[in-house]
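Quick notes on the structure that follows.
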Amino acid sequence: MRTIVSVIGNGVCEEDSEKAKIAFEVGKALVDNGYRVMTGGLNGVMKYALKGAKASEKYKEGDTIAVLPMYDETMANEYADIVIGTGIDLARDVITANAPVVVAIGGGSGTLGEIANAWTLYRMVIAIDGVEGWSSKLIGTKVGETRIYEEGFEDMVWGAKNAQEVIDLIKDKLKHYKLRFERITYDGRRVKEVRKS
């Protein structure tokens, strides 16, 4: 089974922008290295990440996944193989944040929410440095409480300057991410339960 990596970020960016170029390179590098790419399926970073994924020589049908906020699957960009029209609007951000790895490129408040969701779901978060938006601001931080997965490994938002650094981080760090969010129970207080996979 190939690991899915979510790429999140600005919904609007020009094709010749730094964010579009990095999104394309990240999408391509992910498929080059055997991963599948998931995005919110619309424009901007989402579009260019899927375009890059399809440009890989190792691309296979099904490598690009779009999780839309609306029901109308025709709204997905042309680079999506698998289109899921959720109809749940902003709540779809929890789905994109639940990939084993989430790569943020720039981004505004929507991206910030996805990063927070990924952190809550015990997912690995990589943020691209050197671009305007939340990704550059959060590198090296802990979005919530400290999470220690095993002796000697402490989580943070990992920083990368380019696609190769993203791949290197995934190969080096993903093996440590064994905790999984299971459920929230309500018994007079909020209780998070996790299990090891």
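The way I read the labels, and the way they are meant: chains A, B, ... in the order of the structure tokens, residue 1 as the first residue of every chain, and ligand 1 as the first ligand shown, with later ones counted on from there.
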If you run DSSP on the backbone here, which positions in stretch 9-190 of chain A get strand (DSSP E)? Please write them as a VMD selection string.
chain A and resid 9 36 to 39 64 to 68 82 to 85 101 to 105 124 to 128 148 to 150 153 to 154 158 to 160 179 to 186 190
Show which residues sit within 6 Å of stretch 40-48 of chain A, as a VMD selection string. Count only C-alpha atoms, and ignore same-chain residues fewer than 4 positions away.
chain A and resid 9 to 13 20 23 to 24 66 to 68 76 to 77
Since we have the selection now, will you write its residues out, keeping C-alpha atoms, as a PDB file, in the first residue's frame?
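Saved to selection.pdb:
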```pdb
ATOM      1  CA  GLY A   9      -1.760  25.754   1.039  1.00  0.00           C
ATOM      2  CA  ASN A  10      -3.046  28.801  -0.755  1.00  0.00           C
ATOM      3  CA  GLY A  11      -6.139  28.267  -2.891  1.00  0.00           C
ATOM      4  CA  VAL A  12      -5.025  31.066  -5.176  1.00  0.00           C
ATOM      5  CA  CYS A  13      -1.557  31.454  -6.670  1.00  0.00           C
ATOM      6  CA  ALA A  20       3.055  27.046  -7.528  1.00  0.00           C
ATOM      7  CA  ALA A  23       3.817  22.676  -5.058  1.00  0.00           C
ATOM      8  CA  PHE A  24       4.558  21.200  -8.505  1.00  0.00           C
ATOM      9  CA  ALA A  66      -9.089  15.478  -4.568  1.00  0.00           C
ATOM     10  CA  VAL A  67     -11.260  15.892  -1.455  1.00  0.00           C
ATOM     11  CA  LEU A  68     -13.705  18.663  -2.339  1.00  0.00           C
ATOM     12  CA  ALA A  76     -12.158  19.497  -9.079  1.00  0.00           C
ATOM     13  CA  ASN A  77      -9.105  20.580 -11.007  1.00  0.00           C
TER      14      ASN A  77
END
```
Distance criterion (only C-alpha atoms): nearest to A:Ile167 out of A:Glu14, A:Val103, A:Arg2, A:Ile82
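Ranked by minimum distance to A:Ile167, first place goes to A:Val103.
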Excluding same-chain residues fewer than 6 positions from A:Ala91, what lies within 12 Å of it counting only C-alpha atoms, as a PyMOL selection string?
chain A and resi 40+67-70+97-98+110+113-114+117
Name the closest residue to A:Val143 among the candidates A:Val166, A:Ala80, A:Lys161, A:Ala116; distances are taken between atoms, counting only C-alpha atoms.
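Smallest distance to A:Val143 is found for A:Ala116.
Atom CA of A:Val83 is found 28.1 Å from atom CA of A:Val131.
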Expected answer as a PyMOL selection string: alpha helix (DSSP H) residues in stretch 10-170 of chain A
chain A and resi 18-32+45-55+93-96+109-120+134-138+163-170
Quote the spacing between atom CA of A:Val157 and atom CA of A:Gly140 in Å to one decimal place.
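The value is 5.2 Å.
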Which residue out of A:Gly62, A:Gly27, A:Pro100, A:Gly133 has the minimum interatomic distance to A:Leu112 when only C-alpha atoms are used?
A:Gly133
Please identify all polymer residues within 9 Å of A:Thr64, counting only C-alpha atoms, omitting same-chain residues fewer than 4 positions from it, and present them as a PyMOL selection string.
chain A and resi 36-39+49-51+53-54+59-60+79-83
Take the residues just selected and output them with C-alpha atoms as a CSV table (one decimal), in the first residue's frame.
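The result, stored in result_20.csv:
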```csv
chain,number,residue,atom,x,y,z
A,36,ARG,CA,0.2,9.3,-3.5
A,37,VAL,CA,-0.8,12.9,-3.4
A,38,MET,CA,-4.1,14.2,-1.8
A,39,THR,CA,-5.3,17.8,-1.8
A,49,ALA,CA,0.7,19.7,-6.5
A,50,LEU,CA,-1.5,17.3,-8.4
A,51,LYS,CA,-0.1,18.6,-11.7
A,53,ALA,CA,2.3,14.4,-9.3
A,54,LYS,CA,0.9,13.6,-12.8
A,59,TYR,CA,2.8,8.3,-12.0
A,60,LYS,CA,0.0,5.7,-12.0
A,79,TYR,CA,-5.3,16.8,-12.5
A,80,ALA,CA,-7.4,14.8,-10.0
A,81,ASP,CA,-7.8,11.0,-10.6
A,82,ILE,CA,-10.0,10.3,-7.6
A,83,VAL,CA,-12.5,13.0,-6.8
```
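Of the residues listed (A:Ile115, A:Met124, A:Leu138, A:Ala29), A:Met124 shows the shortest atom-to-atom separation from A:Val101; distances use only C-alpha atoms.
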Across A:Leu121, A:Ile139, A:Ala55, A:Val26, the smallest distance to A:Arg180, with only C-alpha atoms counted, is shown by A:Leu121
